[in-house]
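Visitor: Attaching a single structure in structure tokens format; questions to follow.
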Amino acid sequence: MSLAFLFPGQGSQAVGMGVALHDAFPDARAVFEEVDQALGQHLYRLMCEGPEDELTLTENAQPALMAVSLAVIRTLENEFNVAVEGAAFVAGHSLGEYSALAAAEALTLADAAKLLRLRGQAMQRAVPVGVGAMASLIGPKVDLALAEQAAAAGAEIGVCVVANDNNQGNIVISGEKAAVDRAIEAAKALGARAILLNVSAPFHCPLMQPAADAMAEALAATTLSPLLAPVVANVTARPTGDVELIRRLLVEQVTGRVRWRESLAWMAGEGGVTRFAEAGAGKVLTGMVKRAVPDAEATALNTPQDLETFAQTL
């Protein structure tokens, strides 16, 4: 069996996430305490008690989701003797790539938290609220060709690109609001459902260039260590352990497409992965695996019981 650990992105957050892990395992508690200390904020209390609208703020959701993922990984390692270095690959969806790198010990937990706080703030500042938009194209007819055709229609009047190629039947576009609105109409004419997403900024499109510039500066000053397992990067859908390449790809990722469908296909194909474990909040990526590579096994690791059952099957 070849295993890959996956790490969720924004949208998987929920009030109460990580609380069961915190209450059950000292290693999880230590992760949340270290993140709070690194940020100078009671982030765990926000995760535990809410309010939801404050947790959902990009600058809070990003480090919070990473913290839950690392609580899972540290607990697996120290309580159940399941180590990341035994995995074939790690991969994360958007901000989850930072979680993957922290799990593989390329980033320290404190640096990952600080980078994600900055990333969230920079993404929010890059585009005034209401100027940008994102939309999810959904349905059996939705593939990359349809999404690119719809985005091209929007791009006739403004910035509009494919942002997240999640899987067949689920692709996200991003850009200026008027351009995305036009792309939605084009997608509907092509037989897709299209839903505007409740997001605060148009992620993974050229409008995020100011945020990419901020991350380039921050990452240049951050130490990256050798990885315990190669990371399959969002923007290339291929694995790498080259820390200088990873540094560049993290900058490109801010404005670039999340090639998640291709990443899963590569891991399950050329990478030989037969089992995927989603470490962190929610089950979004587990569902994507089941749609993209249905022959592979997919497990979400959210609760103490999830971790215990998973460890017993290895």
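By order of appearance in the structure tokens: chains A, B, ..., then residues from 1 within every chain, and ligands from 1 in the order shown.
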Could you list, as a ChimeraX atom specification, every residue within 9 Å of segment 81-83 of chain A, counting only C-alpha atoms and ignoring same-chain residues fewer than 6 positions away?
Guide: /A:73-75,311,314
Visitor: Near Asp213 of chain A, counting only C-alpha atoms, which residues have an atom at most 10 Å away, once you skip same-chain residues fewer than 3 positions from it, shown as a list in words?
Guide: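 Neighbouring residues, sequence-local ones excluded: Ala122, Met208, Gln209, Pro210, Ala216, Glu217, Ala218, Leu219, Val251, Glu252 and Val254 of chain A.
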Visitor: When you look at Gly158 of chain A with a cut-off of 12 Å (counting only C-alpha atoms), what residues show up, excluding the ones that are within fewer than 5 positions of it in the same chain? I need them as a PDB file with N, CA and C atoms, in the first residue's frame.
Guide:
```pdb
ATOM      1  N   VAL A 131     -15.176  43.868  -5.552  1.00  0.00           N
ATOM      2  CA  VAL A 131     -14.589  44.037  -6.886  1.00  0.00           C
ATOM      3  C   VAL A 131     -14.398  42.691  -7.579  1.00  0.00           C
ATOM      4  N   GLY A 132     -14.056  41.687  -6.788  1.00  0.00           N
ATOM      5  CA  GLY A 132     -13.817  40.360  -7.349  1.00  0.00           C
ATOM      6  C   GLY A 132     -14.897  39.374  -6.967  1.00  0.00           C
ATOM      7  N   ALA A 133     -14.837  38.182  -7.574  1.00  0.00           N
ATOM      8  CA  ALA A 133     -15.808  37.128  -7.280  1.00  0.00           C
ATOM      9  C   ALA A 133     -15.224  35.784  -7.686  1.00  0.00           C
ATOM     10  N   ALA A 151     -14.667  30.780 -18.857  1.00  0.00           N
ATOM     11  CA  ALA A 151     -13.762  31.815 -18.357  1.00  0.00           C
ATOM     12  C   ALA A 151     -13.315  32.745 -19.485  1.00  0.00           C
ATOM     13  N   ALA A 152     -13.119  32.188 -20.657  1.00  0.00           N
ATOM     14  CA  ALA A 152     -12.716  33.005 -21.804  1.00  0.00           C
ATOM     15  C   ALA A 152     -13.805  34.012 -22.171  1.00  0.00           C
ATOM     16  N   ALA A 153     -15.057  33.600 -22.037  1.00  0.00           N
ATOM     17  CA  ALA A 153     -16.160  34.530 -22.297  1.00  0.00           C
ATOM     18  C   ALA A 153     -16.125  35.683 -21.299  1.00  0.00           C
ATOM     19  N   SER A 174     -12.467  32.457 -11.179  1.00  0.00           N
ATOM     20  CA  SER A 174     -12.178  33.591 -10.311  1.00  0.00           C
ATOM     21  C   SER A 174     -11.796  34.794 -11.146  1.00  0.00           C
ATOM     22  N   GLY A 175     -12.122  36.003 -10.637  1.00  0.00           N
ATOM     23  CA  GLY A 175     -11.722  37.218 -11.340  1.00  0.00           C
ATOM     24  C   GLY A 175     -12.557  38.413 -10.931  1.00  0.00           C
ATOM     25  N   GLU A 176     -12.650  39.380 -11.835  1.00  0.00           N
ATOM     26  CA  GLU A 176     -13.467  40.567 -11.581  1.00  0.00           C
ATOM     27  C   GLU A 176     -14.946  40.196 -11.619  1.00  0.00           C
ATOM     28  N   LYS A 177     -15.735  40.849 -10.787  1.00  0.00           N
ATOM     29  CA  LYS A 177     -17.145  40.454 -10.607  1.00  0.00           C
ATOM     30  C   LYS A 177     -17.913  40.448 -11.919  1.00  0.00           C
ATOM     31  N   ALA A 178     -17.812  41.483 -12.718  1.00  0.00           N
ATOM     32  CA  ALA A 178     -18.575  41.533 -13.968  1.00  0.00           C
ATOM     33  C   ALA A 178     -18.138  40.425 -14.917  1.00  0.00           C
ATOM     34  N   ALA A 179     -16.832  40.141 -14.945  1.00  0.00           N
ATOM     35  CA  ALA A 179     -16.325  39.094 -15.827  1.00  0.00           C
ATOM     36  C   ALA A 179     -16.790  37.717 -15.377  1.00  0.00           C
ATOM     37  N   VAL A 180     -16.788  37.499 -14.072  1.00  0.00           N
ATOM     38  CA  VAL A 180     -17.266  36.212 -13.545  1.00  0.00           C
ATOM     39  C   VAL A 180     -18.762  36.047 -13.811  1.00  0.00           C
ATOM     40  N   ASP A 181     -19.527  37.143 -13.676  1.00  0.00           N
ATOM     41  CA  ASP A 181     -20.963  37.079 -13.982  1.00  0.00           C
ATOM     42  C   ASP A 181     -21.190  36.662 -15.439  1.00  0.00           C
ATOM     43  N   ARG A 182     -20.397  37.227 -16.341  1.00  0.00           N
ATOM     44  CA  ARG A 182     -20.540  36.839 -17.747  1.00  0.00           C
ATOM     45  C   ARG A 182     -20.140  35.371 -17.939  1.00  0.00           C
ATOM     46  N   ALA A 183     -19.085  34.926 -17.254  1.00  0.00           N
ATOM     47  CA  ALA A 183     -18.660  33.529 -17.370  1.00  0.00           C
ATOM     48  C   ALA A 183     -19.735  32.583 -16.841  1.00  0.00           C
ATOM     49  N   CYS A 205      -6.098  34.063  -8.961  1.00  0.00           N
ATOM     50  CA  CYS A 205      -6.222  34.740 -10.249  1.00  0.00           C
ATOM     51  C   CYS A 205      -5.236  35.904 -10.270  1.00  0.00           C
ATOM     52  N   PRO A 206      -4.998  36.517 -11.420  1.00  0.00           N
ATOM     53  CA  PRO A 206      -3.990  37.584 -11.503  1.00  0.00           C
ATOM     54  C   PRO A 206      -4.245  38.783 -10.603  1.00  0.00           C
ATOM     55  N   LEU A 207      -5.493  38.983 -10.159  1.00  0.00           N
ATOM     56  CA  LEU A 207      -5.781  40.087  -9.256  1.00  0.00           C
ATOM     57  C   LEU A 207      -5.055  39.938  -7.916  1.00  0.00           C
TER      58      LEU A 207
END
```
Visitor: Between A:Pro8, A:Gly120, A:Pro294, A:Pro202, single out the one closest to Ala279 of chain A, counting only C-alpha atoms.
Guide: A:Pro8
Visitor: Mind checking DSSP for segment 10-138 of chain A and telling me the helix (DSSP H, G or I) residues as a PyMOL selection string?
Guide: chain A and resi 19-24+26-39+43-49+52-56+58-80+84-86+96-103+109-126
Visitor: Which distance in Å separates atom CA of Ala145 of chain A and atom CA of Ala265 of chain A, to one decimal?
Guide: 17.2 Å
Visitor: Of the candidates A:Ala292, A:Leu65, A:Met267, A:Ala298, which shows the shortest atom-to-atom distance to Gly169 of chain A, using only C-alpha atoms?
Guide: A:Ala292
Visitor: Have a look at atom CA of Arg248 of chain A and atom CA of Gly40 of chain A and let me know their distance in Å, one decimal.
Guide: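 According to the coordinates, atom CA of Arg248 of chain A and atom CA of Gly40 of chain A are separated by 28.0 Å.
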Visitor: Interatomic distance between atom CA of Ala87 of chain A and atom CA of Lys290 of chain A?
Guide: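 So the two atoms, atom CA of Ala87 of chain A and atom CA of Lys290 of chain A, lie 19.4 Å apart.
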Visitor: Would you list the contacts of segment 238-240 of chain A as a list in words, taking every protein, DNA or RNA residue within 8 Å and counting only C-alpha atoms, but skipping same-chain residues closer than 6 positions in sequence?
Guide: Phe89, Pro230, Val231, Val232, Ile246, Ser263 and Trp266 of chain A
Visitor: So that I can check the surroundings of Thr58 of chain A, please list as number ranges by chain every protein, DNA and RNA residue that reaches within 10 Å of it, counting only C-alpha atoms and ignoring chain neighbours fewer than 6 positions away.
Guide: A: 10-11, 64, 116-124, 199-201
Visitor: Write out as a list in words each polymer residue whose atoms come within 6 Å of segment 22-36 of chain A, counting only C-alpha atoms; drop sequence neighbours fewer than 6 positions from it.
Guide: His42, Leu43, Ala71 and Thr75 of chain A
Visitor: Could those selected residues go to a file with N, CA and C atoms, as a compact mmCIF listing (two decimals), in the first residue's frame?
Guide:
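Okay, this is what ended up in part.txt:
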```txt
# COMPACT_ATOMS: atom_id res chain seq x y z
N HIS A 42 -5.52 34.30 20.62
CA HIS A 42 -6.23 33.13 21.13
C HIS A 42 -7.00 32.47 19.99
N LEU A 43 -6.26 31.95 19.02
CA LEU A 43 -6.90 31.37 17.84
C LEU A 43 -7.66 30.10 18.20
N ALA A 71 -2.23 19.15 14.23
CA ALA A 71 -2.63 18.42 15.43
C ALA A 71 -2.86 16.95 15.10
N THR A 75 -0.25 14.00 16.46
CA THR A 75 -0.86 12.93 17.25
C THR A 75 -0.62 11.57 16.62
```
Visitor: Would you return as a ChimeraX atom specification the members of segment 18-224 of chain A that DSSP assigns to strand (DSSP E or B) on this structure's backbone?
Guide: /A:89-92,132-138,160-167,170-176,193-196
Visitor: For the residues in that selection, give me C-alpha atoms as an mmCIF file, in the first residue's frame.
Guide:
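Heads up, here's the output in out-v6.cif:
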```cif
data_model
loop_
_atom_site.group_PDB
_atom_site.id
_atom_site.type_symbol
_atom_site.label_atom_id
_atom_site.label_comp_id
_atom_site.auth_asym_id
_atom_site.auth_seq_id
_atom_site.Cartn_x
_atom_site.Cartn_y
_atom_site.Cartn_z
ATOM 1 C CA PHE A 89 3.700 12.074 -0.905
ATOM 2 C CA VAL A 90 2.053 14.989 0.856
ATOM 3 C CA ALA A 91 -0.244 17.472 -0.910
ATOM 4 C CA GLY A 92 -2.519 20.290 0.182
ATOM 5 C CA GLY A 132 -13.817 40.360 -7.349
ATOM 6 C CA ALA A 133 -15.808 37.128 -7.280
ATOM 7 C CA MET A 134 -15.486 33.363 -7.526
ATOM 8 C CA ALA A 135 -18.006 30.867 -8.873
ATOM 9 C CA SER A 136 -18.255 27.106 -8.802
ATOM 10 C CA LEU A 137 -19.228 25.343 -12.023
ATOM 11 C CA ILE A 138 -21.006 22.115 -11.199
ATOM 12 C CA CYS A 160 -11.479 35.778 -15.379
ATOM 13 C CA VAL A 161 -9.607 32.472 -15.117
ATOM 14 C CA VAL A 162 -9.994 28.893 -13.946
ATOM 15 C CA ALA A 163 -8.827 28.994 -10.317
ATOM 16 C CA ASN A 164 -9.425 25.494 -8.910
ATOM 17 C CA ASP A 165 -9.602 22.415 -11.126
ATOM 18 C CA ASN A 166 -10.990 20.244 -8.331
ATOM 19 C CA ASN A 167 -12.399 17.293 -10.265
ATOM 20 C CA ASN A 170 -16.511 20.724 -9.939
ATOM 21 C CA ILE A 171 -14.323 23.578 -11.201
ATOM 22 C CA VAL A 172 -14.012 27.098 -9.772
ATOM 23 C CA ILE A 173 -13.469 30.306 -11.729
ATOM 24 C CA SER A 174 -12.178 33.591 -10.311
ATOM 25 C CA GLY A 175 -11.722 37.218 -11.340
ATOM 26 C CA GLU A 176 -13.467 40.567 -11.581
ATOM 27 C CA ARG A 193 -24.802 24.874 -13.022
ATOM 28 C CA ALA A 194 -22.949 27.908 -11.717
ATOM 29 C CA ILE A 195 -23.008 29.251 -8.173
ATOM 30 C CA LEU A 196 -21.336 32.394 -6.848
#
```
Visitor: Using only C-alpha atoms for the distances, tell me which of A:Val15, A:Ala211, A:Leu264, A:Leu3 is nearest to Thr236 of chain A.
Guide: A:Leu264
